[in-house]
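Engineer: Contents are compact mmCIF, C-alpha atoms and all ligand atoms; file name final33.txt:
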# COMPACT_ATOMS: atom_id res chain seq x y z
CA MET A 1 -0.39 -16.18 15.32
CA ALA A 2 -2.33 -13.57 13.40
CA VAL A 3 -0.93 -10.67 11.41
CA GLY A 4 -2.89 -7.42 10.99
CA VAL A 5 -3.45 -5.76 7.62
CA PHE A 6 -4.63 -2.16 7.58
CA ASP A 7 -5.92 0.19 4.89
CA SER A 8 -8.10 3.29 4.84
CA GLY A 9 -10.64 1.27 2.84
CA ILE A 10 -10.83 -1.79 0.63
CA GLY A 11 -7.65 -1.19 -1.41
CA GLY A 12 -5.49 -3.15 1.05
CA LEU A 13 -7.49 -6.26 0.13
CA THR A 14 -5.22 -6.53 -2.94
CA VAL A 15 -2.32 -7.00 -0.51
CA LEU A 16 -4.31 -9.33 1.77
CA ASP A 17 -5.19 -11.50 -1.21
CA ALA A 18 -1.55 -11.85 -2.25
CA ILE A 19 -0.50 -12.67 1.35
CA THR A 20 -3.23 -15.34 1.51
CA ARG A 21 -1.90 -16.92 -1.68
CA ARG A 22 1.71 -16.85 -0.45
CA LEU A 23 0.99 -17.85 3.21
CA PRO A 24 -2.31 -19.77 3.10
CA ASP A 25 -2.13 -20.94 6.76
CA LEU A 26 -1.48 -17.51 8.25
CA PRO A 27 -4.53 -15.97 9.99
CA LEU A 28 -4.99 -12.34 8.92
CA VAL A 29 -7.10 -9.67 10.58
CA TYR A 30 -8.01 -6.93 8.10
CA LEU A 31 -9.13 -3.49 9.22
CA GLY A 32 -10.54 -0.97 6.74
CA ASP A 33 -11.10 2.53 8.11
CA ASN A 34 -13.90 3.09 5.61
CA ALA A 35 -15.58 5.67 7.86
CA HIS A 36 -12.61 7.99 7.29
CA ALA A 37 -11.56 7.07 3.70
CA PRO A 38 -10.07 8.48 1.59
CA TYR A 39 -6.92 9.35 3.54
CA GLY A 40 -5.21 10.78 0.46
CA VAL A 41 -6.73 14.24 0.89
CA ARG A 42 -6.16 14.49 4.68
CA THR A 43 -3.36 16.26 6.57
CA HIS A 44 -0.37 14.26 7.77
CA ASP A 45 -1.40 14.77 11.44
CA ASP A 46 -4.85 13.46 10.71
CA ILE A 47 -3.45 10.40 8.88
CA PHE A 48 -1.03 9.76 11.77
CA ASN A 49 -3.81 9.85 14.40
CA LEU A 50 -6.21 7.68 12.40
CA THR A 51 -3.50 5.14 11.56
CA CYS A 52 -2.35 4.85 15.21
CA ALA A 53 -5.96 4.27 16.33
CA ALA A 54 -6.42 1.54 13.71
CA VAL A 55 -3.15 -0.19 14.59
CA GLU A 56 -4.13 -0.20 18.30
CA ARG A 57 -7.41 -1.84 17.34
CA LEU A 58 -5.44 -4.60 15.56
CA TRP A 59 -3.27 -5.13 18.65
CA ASP A 60 -6.53 -5.87 20.52
CA GLU A 61 -7.03 -8.71 18.02
CA GLY A 62 -3.69 -10.26 18.99
CA CYS A 63 -1.73 -8.88 16.03
CA ASP A 64 1.71 -7.73 17.22
CA LEU A 65 2.77 -7.20 13.61
CA VAL A 66 0.67 -4.93 11.40
CA ILE A 67 1.18 -4.32 7.68
CA LEU A 68 0.13 -0.83 6.59
CA ALA A 69 -1.36 -1.92 3.25
CA CYS A 70 -1.83 1.74 2.47
CA ASN A 71 0.80 3.90 0.78
CA THR A 72 -0.76 7.07 2.14
CA ALA A 73 -0.36 5.89 5.76
CA SER A 74 3.07 4.40 4.99
CA ALA A 75 4.21 7.68 3.43
CA ALA A 76 2.61 10.15 5.84
CA ALA A 77 2.70 8.33 9.20
CA LEU A 78 4.97 5.27 9.36
CA LYS A 79 8.30 6.98 10.05
CA ARG A 80 6.76 9.11 12.83
CA MET A 81 5.04 6.03 14.32
CA GLN A 82 8.30 4.09 14.39
CA GLU A 83 10.27 7.00 15.82
CA THR A 84 7.83 8.33 18.43
CA TRP A 85 5.01 5.96 19.17
CA LEU A 86 5.59 2.24 18.65
CA PRO A 87 6.25 0.07 21.76
CA ALA A 88 9.32 -2.19 21.58
CA ASP A 89 7.30 -5.43 21.38
CA LYS A 90 5.24 -4.37 18.33
CA ARG A 91 6.09 -3.91 14.66
CA VAL A 92 4.45 -1.94 11.87
CA LEU A 93 5.68 -2.48 8.30
CA GLY A 94 4.83 -0.37 5.26
CA VAL A 95 4.34 -1.16 1.58
CA PHE A 96 6.86 1.26 0.06
CA VAL A 97 10.18 -0.39 0.74
CA PRO A 98 9.51 -3.83 -0.89
CA MET A 99 8.47 -2.01 -4.06
CA ILE A 100 11.54 0.22 -4.12
CA GLU A 101 13.80 -2.78 -3.45
CA ALA A 102 12.29 -4.50 -6.51
CA LEU A 103 12.72 -1.39 -8.65
CA THR A 104 16.35 -0.98 -7.55
CA GLU A 105 17.19 -4.70 -7.83
CA ARG A 106 18.02 -5.08 -4.12
CA ASN A 107 17.46 -7.87 -1.60
CA TRP A 108 15.85 -7.15 1.76
CA GLY A 109 18.15 -5.37 4.18
CA ASP A 110 20.80 -4.56 1.55
CA ASN A 111 21.99 -1.28 3.06
CA SER A 112 24.90 -0.70 0.72
CA PRO A 113 25.34 2.82 -0.69
CA PRO A 114 23.03 4.02 -3.49
CA ARG A 115 24.09 2.89 -6.97
CA GLU A 116 23.05 3.23 -10.61
CA VAL A 117 20.15 0.98 -11.63
CA ALA A 118 18.64 -0.03 -14.96
CA VAL A 119 15.59 2.26 -14.86
CA LYS A 120 16.20 5.98 -15.26
CA HIS A 121 12.70 7.43 -15.73
CA VAL A 122 9.98 6.36 -13.29
CA ALA A 123 6.36 7.49 -13.23
CA LEU A 124 4.73 7.41 -9.80
CA PHE A 125 0.93 7.35 -9.49
CA ALA A 126 -0.32 7.89 -5.94
CA THR A 127 -2.74 9.84 -3.76
CA PRO A 128 -2.17 13.59 -3.24
CA ALA A 129 -0.91 12.98 0.36
CA THR A 130 1.56 10.31 -0.76
CA VAL A 131 2.90 12.52 -3.53
CA ALA A 132 3.17 15.52 -1.18
CA SER A 133 5.15 13.48 1.38
CA ARG A 134 7.94 12.76 -1.15
CA ALA A 135 8.52 9.53 0.82
CA PHE A 136 8.96 7.54 -2.40
CA GLN A 137 11.75 9.82 -3.64
CA ARG A 138 13.37 9.77 -0.16
CA GLU A 139 13.41 5.97 0.06
CA LEU A 140 14.58 5.70 -3.55
CA ALA A 141 17.47 8.11 -2.97
CA TYR A 142 18.80 5.83 -0.17
CA ARG A 143 19.16 3.05 -2.75
CA ALA A 144 19.63 4.45 -6.26
CA ILE A 145 21.28 7.35 -8.04
CA GLY A 146 20.34 9.02 -11.30
CA VAL A 147 16.66 8.03 -11.29
CA ASP A 148 14.26 10.71 -12.43
CA VAL A 149 10.82 10.40 -10.73
CA GLU A 150 7.73 12.21 -12.05
CA ALA A 151 4.83 11.93 -9.62
CA GLN A 152 1.17 12.32 -10.48
CA PRO A 153 -1.33 12.94 -7.65
CA CYS A 154 -4.35 10.94 -8.77
CA GLY A 155 -7.19 12.89 -7.15
CA GLY A 156 -10.58 11.19 -7.19
CA VAL A 157 -9.51 7.65 -8.12
CA VAL A 158 -9.76 6.14 -4.62
CA ASP A 159 -13.17 7.77 -4.10
CA ALA A 160 -14.46 6.37 -7.40
CA ILE A 161 -13.19 2.86 -6.54
CA GLU A 162 -14.62 3.03 -3.00
CA GLN A 163 -17.96 4.02 -4.53
CA GLY A 164 -17.75 1.14 -7.02
CA ASP A 165 -17.85 3.59 -9.97
CA GLU A 166 -15.46 1.85 -12.40
CA ILE A 167 -16.37 4.09 -15.36
CA LEU A 168 -15.40 7.23 -13.46
CA ALA A 169 -12.27 5.54 -12.07
CA GLU A 170 -11.20 4.55 -15.59
CA ALA A 171 -11.75 8.07 -16.99
CA LEU A 172 -9.78 9.59 -14.12
CA VAL A 173 -6.90 7.12 -14.54
CA ARG A 174 -6.65 7.95 -18.26
CA SER A 175 -6.59 11.68 -17.60
CA HIS A 176 -3.95 11.31 -14.83
CA VAL A 177 -1.76 9.17 -17.13
CA GLU A 178 -2.11 11.75 -19.93
CA ALA A 179 -1.13 14.55 -17.54
CA LEU A 180 1.97 12.66 -16.46
CA LEU A 181 3.01 11.73 -20.01
CA ARG A 182 2.93 15.41 -20.94
CA ARG A 183 5.68 15.98 -18.35
CA MET A 184 7.57 12.67 -18.85
CA PRO A 185 6.80 11.34 -22.35
CA HIS A 186 8.84 8.10 -22.09
CA PRO A 187 8.89 6.52 -18.61
CA GLU A 188 10.47 3.04 -18.50
CA ALA A 189 8.60 2.03 -15.36
CA ALA A 190 5.41 3.07 -13.64
CA VAL A 191 4.74 2.51 -9.97
CA LEU A 192 1.17 2.10 -8.78
CA GLY A 193 1.74 3.67 -5.38
CA CYS A 194 -1.72 3.13 -3.93
CA THR A 195 -3.16 -0.24 -2.96
CA HIS A 196 -6.47 0.64 -4.61
CA TYR A 197 -4.89 0.99 -8.06
CA PRO A 198 -4.25 -2.70 -8.92
CA LEU A 199 -7.99 -2.84 -9.62
CA MET A 200 -7.32 -0.40 -12.47
CA GLU A 201 -3.99 -1.95 -13.53
CA SER A 202 -5.11 -2.85 -17.07
CA THR A 203 -6.30 0.73 -17.64
CA PHE A 204 -2.96 2.12 -16.41
CA GLN A 205 -1.08 -0.32 -18.68
CA ASP A 206 -3.29 0.47 -21.67
CA ALA A 207 -2.94 4.23 -21.22
CA LEU A 208 0.83 4.01 -20.67
CA GLY A 209 1.49 1.61 -23.56
CA ASP A 210 3.16 -1.81 -23.67
CA GLY A 211 6.70 -0.47 -23.41
CA VAL A 212 6.20 0.66 -19.78
CA LYS A 213 6.69 -1.89 -17.00
CA VAL A 214 3.97 -1.40 -14.39
CA TYR A 215 4.97 -2.27 -10.80
CA SER A 216 2.15 -3.15 -8.47
CA GLN A 217 2.80 -3.94 -4.84
CA ALA A 218 0.72 -6.85 -3.64
CA ASN A 219 3.01 -9.79 -4.54
CA LEU A 220 6.14 -7.90 -3.56
CA VAL A 221 4.72 -7.15 -0.11
CA ALA A 222 3.57 -10.78 0.37
CA GLU A 223 7.04 -12.07 -0.52
CA SER A 224 8.71 -9.62 1.80
CA LEU A 225 6.35 -10.57 4.68
CA ALA A 226 7.10 -14.29 4.17
CA ASP A 227 10.80 -13.49 4.33
CA TYR A 228 10.34 -11.28 7.43
CA LEU A 229 8.42 -14.00 9.30
CA THR A 230 11.13 -16.61 8.70
CA ARG A 231 13.61 -14.19 10.26
CA ARG A 232 11.30 -12.94 13.05
CA PRO A 233 8.81 -15.77 13.84
CA LYS A 234 8.20 -14.27 17.32
CA MET A 235 6.33 -11.40 15.65
CA LEU A 236 3.39 -13.71 14.97
CA GLY A 237 0.87 -12.46 17.55
CA THR A 238 -1.54 -14.46 19.72
CA GLY A 239 -4.62 -14.03 17.47
CA THR A 240 -5.80 -17.22 15.75
CA ALA A 241 -8.78 -16.32 13.60
CA SER A 242 -8.95 -14.47 10.28
CA LYS A 243 -11.52 -11.71 10.17
CA PHE A 244 -12.49 -8.53 8.35
CA LEU A 245 -13.25 -5.41 10.39
CA THR A 246 -14.48 -2.02 9.22
CA THR A 247 -15.23 1.30 10.85
CA GLY A 248 -17.84 1.84 8.11
CA ASP A 249 -21.11 0.07 7.35
CA PRO A 250 -20.29 -3.69 7.34
CA LYS A 251 -23.04 -4.55 4.86
CA ALA A 252 -22.03 -1.97 2.27
CA VAL A 253 -18.31 -2.67 2.71
CA SER A 254 -18.85 -6.48 2.42
CA SER A 255 -20.68 -6.06 -0.85
CA LYS A 256 -17.99 -3.75 -2.31
CA ALA A 257 -15.23 -6.09 -1.10
CA THR A 258 -16.95 -9.14 -2.59
CA GLN A 259 -17.17 -7.32 -5.94
CA PHE A 260 -13.55 -6.17 -5.60
CA LEU A 261 -11.99 -9.58 -4.81
CA ARG A 262 -14.58 -11.65 -6.72
CA ARG A 263 -15.07 -13.93 -3.67
CA ARG A 264 -17.38 -13.61 -0.70
CA ILE A 265 -16.01 -11.37 2.07
CA ASP A 266 -17.96 -10.67 5.28
CA PHE A 267 -16.97 -7.61 7.23
CA GLN A 268 -17.98 -6.94 10.84
CA SER A 269 -18.00 -3.70 12.81
CA ALA A 270 -14.59 -2.74 14.24
N1 LIG B 301 -5.10 2.45 -0.49
C1 LIG B 301 -4.58 3.65 0.10
C2 LIG B 301 -3.18 3.92 -0.44
O1 LIG B 301 -2.51 3.00 -0.74
C3 LIG B 301 -5.65 4.60 -0.07
C4 LIG B 301 -5.53 5.94 0.03
C5 LIG B 301 -6.69 6.80 0.46
O2 LIG B 301 -7.43 6.44 1.36
O3 LIG B 301 -6.75 7.88 -0.12
O4 LIG B 301 -2.70 4.99 -0.54
Output the structure of this file as structure tokens.
Ligand code: DGL
Structural biologist:
Amino acid sequence: MAVGVFDSGIGGLTVLDAITRRLPDLPLVYLGDNAHAPYGVRTHDDIFNLTCAAVERLWDEGCDLVILACNTASAAALKRMQETWLPADKRVLGVFVPMIEALTERNWGDNSPPREVAVKHVALFATPATVASRAFQRELAYRAIGVDVEAQPCGGVVDAIEQGDEILAEALVRSHVEALLRRMPHPEAAVLGCTHYPLMESTFQDALGDGVKVYSQANLVAESLADYLTRRPKMLGTGTASKFLTTGDPKAVSSKATQFLRRRIDFQSA
């Protein structure tokens, strides 16, 4: 009964951690495609092919349900996977929709027409590929009207986090926030649309100021998975053991992940 969790690198561990807290008995198989990270500067075709290969690898581990704990893959590949590639007995869920449902005050599966919501000015911080896809604006438009979204492609941040360079990551976050505030001086909410960014959440909050509510995905995704599994318990696959797989160097990735989650994580080769 294992569920797969996929990210281009270690960012999806923020989502895995929240799922582990919400569903402590659920075995999780994590796959980080560290050999090909970051995805945020790749073409959509490239992201689609890499994501499909990673999801197939998680099926081999007995995970019929895979969470794409990666906004870039969710934005650039998920719709195409669901429409053209996914077999009927498998499911792949993204990280965008739970966040947008929270922002637009909706419950899961509420498909009523778009309506006015409390927030009017939203800042989106994400990778260049996620911003270019406009998937956030598309999903938001299905649910809300009159919301102005200003998106900032945060080049370099994922690379700095993957390399463990917190000083560079912090400097880049501050300069991306400044750039966005020049175009939208008073956002009410900010969305951290990349699973790597929760590591820098306090820097985002500090640079944005206390008046801005920062939405970060991990808990929202964990809650939505718990809800999904009560409705679709058959989607728990046959896998029974939790494990961490990487396409990169297991030793280097384990040490970064241990630093990232502040508990020991041992990766093995995918
Ligand atoms: N954590 C991924 C995301 O949420 C990383 C993106 C990347 O590899 O550039 O978008």
Engineer: Rank nothing, just name the residue among A:Ala189, A:Val92, A:Val253, A:Val97 nearest to Val149 (chain A), using all atoms listed in the file.
Structural biologist: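 Among the listed residues, the smallest separation from Val149 (chain A) belongs to A:Ala189.
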Engineer: Just want the 7 Å neighbourhood of Gly248 (chain A), counted on all atoms listed in the file, with same-chain residues fewer than 6 positions away dropped. Output as a PDB file with C-alpha atoms, in the frame of the given file.
Structural biologist:
ATOM      1  CA  ASP A  33     -11.100   2.530   8.110  1.00  0.00           C
ATOM      2  CA  ASN A  34     -13.900   3.090   5.610  1.00  0.00           C
ATOM      3  CA  ALA A  35     -15.580   5.670   7.860  1.00  0.00           C
TER       4      ALA A  35
END
Engineer: Neighbouring residues of region 62-66 of chain A were defined as those with any atom within 12 Å, considering all atoms listed in the file; residues of the same chain fewer than 2 positions away were excluded. Please report them as a compact mmCIF listing (two decimals) with C-alpha atoms, in the coordinates of the input.
Structural biologist:
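The new file result-v7.txt reads:
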# COMPACT_ATOMS: atom_id res chain seq x y z
CA MET A 1 -0.39 -16.18 15.32
CA ALA A 2 -2.33 -13.57 13.40
CA VAL A 3 -0.93 -10.67 11.41
CA GLY A 4 -2.89 -7.42 10.99
CA VAL A 5 -3.45 -5.76 7.62
CA PHE A 6 -4.63 -2.16 7.58
CA ASP A 7 -5.92 0.19 4.89
CA LEU A 16 -4.31 -9.33 1.77
CA LEU A 26 -1.48 -17.51 8.25
CA PRO A 27 -4.53 -15.97 9.99
CA LEU A 28 -4.99 -12.34 8.92
CA VAL A 29 -7.10 -9.67 10.58
CA TYR A 30 -8.01 -6.93 8.10
CA LEU A 31 -9.13 -3.49 9.22
CA THR A 51 -3.50 5.14 11.56
CA CYS A 52 -2.35 4.85 15.21
CA ALA A 54 -6.42 1.54 13.71
CA VAL A 55 -3.15 -0.19 14.59
CA GLU A 56 -4.13 -0.20 18.30
CA ARG A 57 -7.41 -1.84 17.34
CA LEU A 58 -5.44 -4.60 15.56
CA TRP A 59 -3.27 -5.13 18.65
CA ASP A 60 -6.53 -5.87 20.52
CA LEU A 68 0.13 -0.83 6.59
CA ALA A 69 -1.36 -1.92 3.25
CA CYS A 70 -1.83 1.74 2.47
CA SER A 74 3.07 4.40 4.99
CA LEU A 78 4.97 5.27 9.36
CA LEU A 86 5.59 2.24 18.65
CA PRO A 87 6.25 0.07 21.76
CA ALA A 88 9.32 -2.19 21.58
CA ASP A 89 7.30 -5.43 21.38
CA LYS A 90 5.24 -4.37 18.33
CA ARG A 91 6.09 -3.91 14.66
CA VAL A 92 4.45 -1.94 11.87
CA LEU A 93 5.68 -2.48 8.30
CA GLY A 94 4.83 -0.37 5.26
CA VAL A 95 4.34 -1.16 1.58
CA LEU A 225 6.35 -10.57 4.68
CA TYR A 228 10.34 -11.28 7.43
CA LEU A 229 8.42 -14.00 9.30
CA ARG A 232 11.30 -12.94 13.05
CA PRO A 233 8.81 -15.77 13.84
CA LYS A 234 8.20 -14.27 17.32
CA MET A 235 6.33 -11.40 15.65
CA LEU A 236 3.39 -13.71 14.97
CA GLY A 237 0.87 -12.46 17.55
CA THR A 238 -1.54 -14.46 19.72
CA GLY A 239 -4.62 -14.03 17.47
CA THR A 240 -5.80 -17.22 15.75
CA ALA A 241 -8.78 -16.32 13.60
CA SER A 242 -8.95 -14.47 10.28
CA LYS A 243 -11.52 -11.71 10.17
Engineer: Counting all atoms listed in the file, which protein, DNA or RNA residues come within 6 Å of ligand LIG 301 (chain B), given as number ranges by chain?
Structural biologist: A: 7-8, 11-12, 37-40, 70-72, 127, 158, 194-196
Engineer: Write the residues of the preceding selection, restricted to C-alpha atoms, as a PDB file, keeping the file's coordinate frame.
Structural biologist:
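Everything below was put into out.pdb:
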ATOM      1  CA  ASP A   7      -5.920   0.190   4.890  1.00  0.00           C
ATOM      2  CA  SER A   8      -8.100   3.290   4.840  1.00  0.00           C
ATOM      3  CA  GLY A  11      -7.650  -1.190  -1.410  1.00  0.00           C
ATOM      4  CA  GLY A  12      -5.490  -3.150   1.050  1.00  0.00           C
ATOM      5  CA  ALA A  37     -11.560   7.070   3.700  1.00  0.00           C
ATOM      6  CA  PRO A  38     -10.070   8.480   1.590  1.00  0.00           C
ATOM      7  CA  TYR A  39      -6.920   9.350   3.540  1.00  0.00           C
ATOM      8  CA  GLY A  40      -5.210  10.780   0.460  1.00  0.00           C
ATOM      9  CA  CYS A  70      -1.830   1.740   2.470  1.00  0.00           C
ATOM     10  CA  ASN A  71       0.800   3.900   0.780  1.00  0.00           C
ATOM     11  CA  THR A  72      -0.760   7.070   2.140  1.00  0.00           C
ATOM     12  CA  THR A 127      -2.740   9.840  -3.760  1.00  0.00           C
ATOM     13  CA  VAL A 158      -9.760   6.140  -4.620  1.00  0.00           C
ATOM     14  CA  CYS A 194      -1.720   3.130  -3.930  1.00  0.00           C
ATOM     15  CA  THR A 195      -3.160  -0.240  -2.960  1.00  0.00           C
ATOM     16  CA  HIS A 196      -6.470   0.640  -4.610  1.00  0.00           C
TER      17      HIS A 196
END
Engineer: So what do you get for CA of Met200 (chain A) versus CA of Glu170 (chain A), distance-wise?
Structural biologist: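 Here the two named atoms are 7.0 Å from each other.
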Engineer: Which value, in Å to one decimal, gives the distance between CA of Leu180 (chain A) and CA of Glu162 (chain A)?
Structural biologist: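 We find that CA of Leu180 (chain A) and CA of Glu162 (chain A) lie 23.4 Å from each other.
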Engineer: Would you please work out which residue, of A:Val177, A:Val212, A:Val41, A:Leu172, is nearest to Ala190 (chain A) when using only C-alpha atoms?
Structural biologist: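 Closest candidate: A:Val212.
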Engineer: From the list A:Asp46, A:Asp148, A:Glu61, A:Val214, which residue is nearest Ser202 (chain A) when using all atoms listed in the file?
Structural biologist: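 For Ser202 (chain A), the nearest of the given residues is A:Val214.
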Engineer: Would you list the contacts of Thr104 (chain A) as a ChimeraX atom specification, taking every protein, DNA or RNA residue within 10 Å and counting all atoms listed in the file, but skipping same-chain residues closer than 6 positions in sequence?
Structural biologist: /A:98,114-119,140,143-145,147
Engineer: Which polymer residues have any atom within 8 Å of an atom of region 150-157 of chain A, counting only C-alpha atoms, with same-chain residues fewer than 6 positions away left out, as a list in words?
Structural biologist: His121, Val122, Ala123, Leu124, Phe125, Ala126, Thr127, Pro128, Thr130, Val131, Leu168, Ala169, Leu172, Val173, His176, Val177, Ala179, Leu180, Arg183 and Met184 of chain A
